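Take a look at the structure set out below.
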Amino acid sequence: MEELLKNYQSVAEEHAIHWIKVGQTDDFPENAGACVKYNAKQIAVYHFTRTNSWYACQNLCPHKMEMVLSRGMTGDSQGIPKVACPLHKKTFSLEDGSNLNGEEYSIATYPVRIQEGNVYIGFAD
């Protein structure tokens, strides 16, 4: 299972080498998540309509090791956009992947760009 986690490393926007089109903005639910696949990675994509912000992170919950984060509840914690795992309600920042419950495990996050109605996610591999 640890091997699976090694597939996911956060990418800062300035380090993105490849921008992969994952769909059109209309393909994604508002204020919720959807899952896309890139190579061996499952990526959860979220659109927060209140702030018109887009986020992407690994779909793999690092606690239960299940591909479920795209089905998690979204919201914010003191202004930080977050997702709660549907299995155990642990929450993660969608900005930097940190665990908002103060535990050690975190999630990988990826930059998102919207261009001409298309959604692109940045990867370093």
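Scheme for the structure tokens: letters A, B, ... for chains in order shown; per-chain residue numbers from 1; ligand numbers from 1 in order shown.
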Report task. Name the residues in contact with segment 96-102 of chain A at a cut-off of 10 Å, using only C-alpha atoms, excluding same-chain residues fewer than 2 positions from it; report them as a PyMOL selection string. Result -> chain A and resi 10-12+56-58+77+80-84+89-94+104-110
Query raised in the report: Quick one: distance from atom CA of Phe123 of chain A to atom CA of Ala16 of chain A in Å, one decimal?
Result: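 Result for atom CA of Phe123 of chain A versus atom CA of Ala16 of chain A: 4.9 Å, one decimal.
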Requested in this report: Just the residues within 12 Å of Glu116 of chain A, please, counting only C-alpha atoms, with nothing from its chain fewer than 3 positions along; format it as a PyMOL selection string.
Outcome: chain A and resi 21+23-26+113+119-120
Query - Ile121 of chain A environment, 6 Å, only C-alpha atoms, sequence neighbours closer than 5 positions dropped, as a list of chain:residue names - result: A:Trp19, A:Ile20, A:Pro111, A:Val112
Let me see the file: selected residues, all heavy atoms, as a PDB file, in the first residue's frame.
ATOM      1  N   TRP A  19       0.539  20.067 -18.662  1.00  0.00           N
ATOM      2  CA  TRP A  19      -0.813  20.476 -18.314  1.00  0.00           C
ATOM      3  C   TRP A  19      -1.755  19.595 -19.112  1.00  0.00           C
ATOM      4  O   TRP A  19      -1.782  19.655 -20.329  1.00  0.00           O
ATOM      5  CB  TRP A  19      -1.030  21.957 -18.615  1.00  0.00           C
ATOM      6  CG  TRP A  19      -0.287  22.809 -17.644  1.00  0.00           C
ATOM      7  CD1 TRP A  19       0.992  23.269 -17.769  1.00  0.00           C
ATOM      8  CD2 TRP A  19      -0.752  23.257 -16.376  1.00  0.00           C
ATOM      9  NE1 TRP A  19       1.347  23.985 -16.652  1.00  0.00           N
ATOM     10  CE2 TRP A  19       0.293  23.997 -15.788  1.00  0.00           C
ATOM     11  CE3 TRP A  19      -1.958  23.114 -15.681  1.00  0.00           C
ATOM     12  CZ2 TRP A  19       0.168  24.595 -14.524  1.00  0.00           C
ATOM     13  CZ3 TRP A  19      -2.076  23.708 -14.433  1.00  0.00           C
ATOM     14  CH2 TRP A  19      -1.029  24.437 -13.866  1.00  0.00           C
ATOM     15  N   ILE A  20      -2.476  18.736 -18.412  1.00  0.00           N
ATOM     16  CA  ILE A  20      -3.329  17.732 -19.044  1.00  0.00           C
ATOM     17  C   ILE A  20      -4.790  18.193 -18.999  1.00  0.00           C
ATOM     18  O   ILE A  20      -5.315  18.503 -17.927  1.00  0.00           O
ATOM     19  CB  ILE A  20      -3.184  16.369 -18.323  1.00  0.00           C
ATOM     20  CG1 ILE A  20      -1.709  15.944 -18.242  1.00  0.00           C
ATOM     21  CG2 ILE A  20      -4.034  15.309 -18.992  1.00  0.00           C
ATOM     22  CD1 ILE A  20      -1.002  15.828 -19.574  1.00  0.00           C
ATOM     23  N   PRO A 111      -1.911  21.789  -9.278  1.00  0.00           N
ATOM     24  CA  PRO A 111      -2.466  23.049  -9.768  1.00  0.00           C
ATOM     25  C   PRO A 111      -3.519  22.817 -10.851  1.00  0.00           C
ATOM     26  O   PRO A 111      -3.450  21.840 -11.601  1.00  0.00           O
ATOM     27  CB  PRO A 111      -1.246  23.777 -10.343  1.00  0.00           C
ATOM     28  CG  PRO A 111      -0.304  22.684 -10.732  1.00  0.00           C
ATOM     29  CD  PRO A 111      -0.530  21.575  -9.735  1.00  0.00           C
ATOM     30  N   VAL A 112      -4.491  23.710 -10.906  1.00  0.00           N
ATOM     31  CA  VAL A 112      -5.572  23.639 -11.897  1.00  0.00           C
ATOM     32  C   VAL A 112      -5.620  24.965 -12.647  1.00  0.00           C
ATOM     33  O   VAL A 112      -5.514  26.032 -12.036  1.00  0.00           O
ATOM     34  CB  VAL A 112      -6.938  23.383 -11.224  1.00  0.00           C
ATOM     35  CG1 VAL A 112      -8.047  23.311 -12.265  1.00  0.00           C
ATOM     36  CG2 VAL A 112      -6.904  22.115 -10.389  1.00  0.00           C
TER      37      VAL A 112
END
Requested in this report: Output as a count of residues only all residues of segment 33-115 of chain A that backbone DSSP marks as strand (DSSP E or B).
Outcome: 42
Requested in this report: Would you list the contacts of Gln42 of chain A as a VMD selection string, taking every protein, DNA or RNA residue within 10 Å and counting only C-alpha atoms, but skipping same-chain residues closer than 3 positions in sequence?
Outcome: chain A and resid 7 to 8 35 to 39 45 57 to 60 67 to 70
Query raised in the report: Nearest to Ala34 of chain A: which of A:Gln9, A:Gln115, A:Thr51, A:Thr74 is it, counting only C-alpha atoms?
Result: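 Smallest distance to Ala34 of chain A is found for A:Thr74.
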